[in-house]
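Before any comments, here is the structure.
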Amino acid sequence: MREKTTRFRRILQKTSLLILVFVTSLLSYGQIDNTEFAVPKKYVVAGITVFGSQVSDVQTIKLFAGIKEGDRITIPGNRISKAIQNLWDQDLFSDVKIGVGEVRGESIYLVIEVTELDKFGGVQFTGNVTKSEQSNLNEDLGLRQNRIVNENLINNAKNTVRRYFQDKGYHKVKVTIDKEVMDADAKRVKLIINVKKGARIKINKINFHNLEAIKPIVLKRKMKDTKEKHWYRLFKRSKFIRSDYKTDRKIIVQQLNKRGYRDAKLMYDTTYFVNENAMNIDITVKEGNKFYFRNISWLGNTKYSTEKLNNRLGISKGDIYDKSKLTERIFGSPNGNDVSSLYLDNGYLSFNANPVEILVENDSIDIEIRMYEGKQYRINKIIISGNTMTNEHVIRREIRTKPGDLFRRSDIIRTQRELSQLGYFDPAGFEINPKQNPTDGTVDIEYVVVEKPSDQIELQGGWGNGSIIGTLALSFNNFSLKNAGKGGEYWRPVPRGDGQRLSVRAQSNGQRGAGSRSGALQHYSISFLEPWLGGKKPNSFSVNASHSITRFGSKKLTNGEINPNESFLKVYGGSVGLGSRWKRPDDFFQFFGSLNYQHYILKNYTGRNISQSINYDNGKANNLSLTLSVTRDSRKGNPIFHTGGSKVGVVLQATPPWSSMSGIDDYSVLPPQEKYKWIEYHKWKFTAEWFNPLSPSGESNDSKLVLFSKIGIGYLGSYNSGIGTSPFERFYLGGNPLAGFQYDGREIISLRGYDDSSLSSGGGDPFITKYTMEMRYLLSPNPSATIYGLGFVEAGNAWTNFRDFNPFAVKRSAGVGVRLFLPMFGLLGLDYGWRFDNVVRFPDMNKSQFHFTIGMNLGEL
């Protein structure tokens with residue numbers, strides 16, 4: 001027993017000695033350059049031990065080092081230093097050491113010791129950072145779980161947070177980042193980002209020095225995103241954003257260049273704080289000399305004469321030298337009357353021109369325009385892509401470029417407009433890719449479209465006609481009737497893709513009492529439109545049916561019997577229409593004709609609008625009319641926010657002259673039931689609207705700021721003086737009624753700032769004029785939520801007879817509003833209008849009021 005104990009002690013002593021030697025060697029392993037390794041010697045790596053790897057894989061660390069067991073290395077030598085550098089390059093460690101653990105003859109055991117960097121486990125913001133800002137910052141930082149937290153990551157995070165708040169005007173923002181241990185074993189930490197925003201800095205003054213050629217105020221207006229603070233600034237804040245300022249510096253030089261100062265430049269500029277909340281910008285300009293065009297010559301033109309090219313260029317000797325104007329007149333006039341259009345509209349797809357300054361003398365510059373006309377290209381194939389829902393034939397029939405035709409840029413521009421007007425595609429997503437085939441002189445044109453939602457579901461309530469009106473409507477604007485009976489995969493949720501339009505609508509304001517001003521209104525309608533009847537020509541076919549009822553009082557008494565004093569007006573109607581596009585005088589003209597029929601039933605309708613002046617309270621009436629309209633529509637841009645062009649139209653709606661065919665000589669003695677059994681009238685309307693862009697918006701030539709102007713005139717005439725003006729189809733002016741239906745044969749025209757129908761007589765009027773002007777600004781072009789704000793001035797009036805008609809004696813108003821287009825709900829609007837004139841019939845009318853609208857402005861005028 002004693003021998004076993006003694007033997008155990010000896011083993012323990014030897015083991016302790018080995019452990020001591022091993023630990024001692026580890027403590028001194030980094031000293032590869034000591035006296036033992038003073039002379040370089042080759043060794044075979046017999047083993048590699050890794051210490052400090054809590055998270056990283058040991059074998060991966062060995063692999064990164066680039067040294068493996070069995071390698072012959074020289075110590076001292078560059079293999080060890082290279083291995084250390086390899087590990088540093090991984091950006092995973094805060095410290096790396098490689099040393100010798102043991103040497104046995106020519107065998108060496110290496111020890112790699114690393115200190116791992118922390119890993120990202122989360123972020124926490126402190127200071128005055130809102131939840132919305134935190135959400136945006138998390139997205140901008142883009143930090144992922146378990147990402148290594150090194151100095152570079154922390155610096156990038158600081159810069160990202162600092163830049164975010166500087167772009168919001170907080171130029172004195174201070175950002176510090178600390179680390180908080182979340183899991184020591186996993187080396188996971190949380191970044192504590194402390195933000196001190198400071199005051200929001202605005203631009204107090206922009207000062208120009210050495211500026212003589214142009215007034216400073218002009219340059220300040222031209223600067224797009226760098227603006228001085230003013231109380232009236234609504235759409236452009238006076239924040240200083242350095243990237244935007246760099247762009248505006250270029251605009252300053254461009255504006256000087258446009259005025260002939262070809263060599264203008266900014267000498268230097270500086271920014272400085274004037275107080276805790278504001279900063280100034282000082283800009284020193286060197287204008288240089290002013291230059292003028294002198295001689296302009298052409299080289300290489302064979303298709304068109306120099307005289308014709310000079311006329312198209314539109315620049316004369318002595319004009320102020322403006323290189324941007326020269327470029328625009330050669331390549332990119334918004335009106336399409338530049339030099340390149342001559343060639344690109346005649347097949348010369350590879351046309352190019354290079355204007356060169358060949359002589360600068362005193363204040364004059366000679367220009368030589370070197371032409372490359374190339375050859376004419378014809379269209380080979382038309383390729384359509386991106387249409388995931390709309391059938392290809394719907395797109396192809398709107399395309400103006402046809403295989404075999406000469407290439408024409410104007411046809412491509414027109415195609416883009418027509419596709420945009422369909423309302424099925426995002427205008428910002430259009431791409432047109434011409435692919436030339438020089439060997440055979442043909443070009444393939446690819447049209448790339450991006451589908452957007454076009455169907456609408458309207459389920460809402462609003463205020464109109466003195467009551468709350470509920471609406472339920474379904475509009476399928478890209479419907480496919482031929483697939484409606486196929487079922488299965490075609491119903492997702494409805495058959496779509498053929499460009500047809502199906503709309504179903506129901507509106508009601510619920511039950512109303514007998515003394516109610518507006519009565520209980522109900523309206524139901526269904527309509528269908530085929531824009532290409534037969535599929536070969538743009539001839540439209542439409543059909544619709546409707547039913548409405550205006551009821552005052554209950555249908556039955558409390559005992560269940562029929563109410564003999566029930567008052568109502570019922571209207572049953574329908575129409576069939578045909579339309580076509582004309583090619584003369586140009587192909588912006590459209591014609592539409594429809595045959596319409598309405599059947600009216602009146603019961604006890606005493607004092608209800610149409611009966612006020614003619615004592616027409618019981619009976620039936622029929623309205624069979626023909627509508628003819630001619631319209632020229634050249635509007636450009638988004639169908640919701642037009643940015644150019646115009647729309648002018650004339651509409652005639654007329655019934656047959658029934659009185660001339662009846663054999664009755666004196667209608668004045670007939671009761672209303674006989675006089676209006678078949679309504680007769682002729683109704684004329686003229687409208688014209690213009691869209692004038694007021695601010696450029698880049699390459700598309702669209703504008704965010706647009707001036708909209710409109711004029712409308714209406715007249716309702718009669719055939720027989722004994723019958724007089726029809727009690728139906730009269731104009732009712734005022735307010736902005738939400739009801740989108742003519743519930744008793746009237747035509748409602750809006751005029752904001754006034755009560756509904758307050759500017760017409762009680763039974764409506766046959767004469768009307770209306771003028772509208774709106775300054776519109778696009779806030780969001782997103783097709784999923786298009787938003788624009790507006791300021792408006794309006795004027796209009798209605799008259800009972802021609803003797804009083806005066807288109808300048810109008811009621812005026814002004815106000816502001818906003819429009820929101822949601823694909824599923826259509827166009828929604830909110831306006832606040834102030835009236836400038838009193839209305840004798842309504843002395844207690846509010847001076848201002850809100851108006852809520854659904855869809856475009858009510859009434860054609």
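Scheme for the structure tokens: letters A, B, ... for chains in order shown; per-chain residue numbers from 1; ligand numbers from 1 in order shown.
When DSSP is run on the backbone, the residues of stretch 368-453 of chain A that fall into helix (DSSP H, G or I) are A:Glu392, A:His393, A:Val394, A:Ile395, A:Arg396, A:Arg409, A:Ser410, A:Asp411, A:Ile412, A:Ile413, A:Arg414, A:Thr415, A:Gln416, A:Arg417, A:Glu418, A:Leu419, A:Ser420, A:Gln421, A:Leu422, A:Pro427, A:Ala428, A:Gly429.
You will find atom CA of A:Ala688 at 24.5 Å from atom CA of A:Tyr832.
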Report, in Å to a single decimal, how far apart atom CA of A:Asn150 and atom CA of A:Trp88 are. 11.9 Å
Pick out the residues sitting within 6 Å of A:Glu113, and hand them over as an MDAnalysis selection string; count only C-alpha atoms, and ignore anything fewer than 2 positions along from it in its own chain. chainID A and resid 50:52 96:97
Please write the residues from the selection above to a file, keeping N, CA and C atoms, as a tab-separated table (two decimals), in the first residue's frame.
chain	number	residue	atom	x	y	z
A	50	VAL	N	-5.15	26.70	-30.77
A	50	VAL	CA	-5.83	28.00	-30.82
A	50	VAL	C	-6.43	28.29	-29.45
A	51	PHE	N	-6.16	29.49	-28.92
A	51	PHE	CA	-6.73	29.95	-27.66
A	51	PHE	C	-7.53	31.23	-27.90
A	52	GLY	N	-8.58	31.42	-27.10
A	52	GLY	CA	-9.36	32.66	-27.13
A	52	GLY	C	-10.57	32.64	-28.03
A	96	VAL	N	-4.22	39.67	-32.05
A	96	VAL	CA	-3.78	38.41	-32.65
A	96	VAL	C	-2.31	38.19	-32.29
A	97	LYS	N	-2.01	36.99	-31.80
A	97	LYS	CA	-0.61	36.61	-31.50
A	97	LYS	C	-0.38	35.19	-32.00
Give me, as a PyMOL selection string, all polymer residues having an atom no more than 8 Å from A:Val111, counting only C-alpha atoms and skipping those fewer than 5 positions away in the same chain. chain A and resi 26+29+48-51+98-101
Take the selection from the previous step and output its residues with C-alpha atoms, as a JSON list (two decimals), in the first residue's frame.
[["chain", "number", "residue", "atom", "x", "y", "z"],
["A", 26, "LEU", "CA", 2.86, 29.29, -23.33],
["A", 29, "TYR", "CA", 5.53, 31.66, -26.92],
["A", 48, "ILE", "CA", -1.38, 24.24, -34.06],
["A", 49, "THR", "CA", -3.26, 25.15, -30.90],
["A", 50, "VAL", "CA", -5.83, 28.00, -30.82],
["A", 51, "PHE", "CA", -6.73, 29.95, -27.66],
["A", 98, "ILE", "CA", 1.24, 33.60, -32.90],
["A", 99, "GLY", "CA", 3.99, 31.97, -30.84],
["A", 100, "VAL", "CA", 5.90, 28.74, -30.29],
["A", 101, "GLY", "CA", 4.47, 26.26, -27.84]]
Show me, as a VMD selection string, the residues that have an atom within 7 Å of A:Tyr777 when counting only C-alpha atoms, minus same-chain residues fewer than 4 positions from it. chain A and resid 704 to 706 788 to 790
Report, in Å with one decimal, the straight-line distance from atom CA of A:Lys636 to atom CA of A:Asp587. 14.5 Å
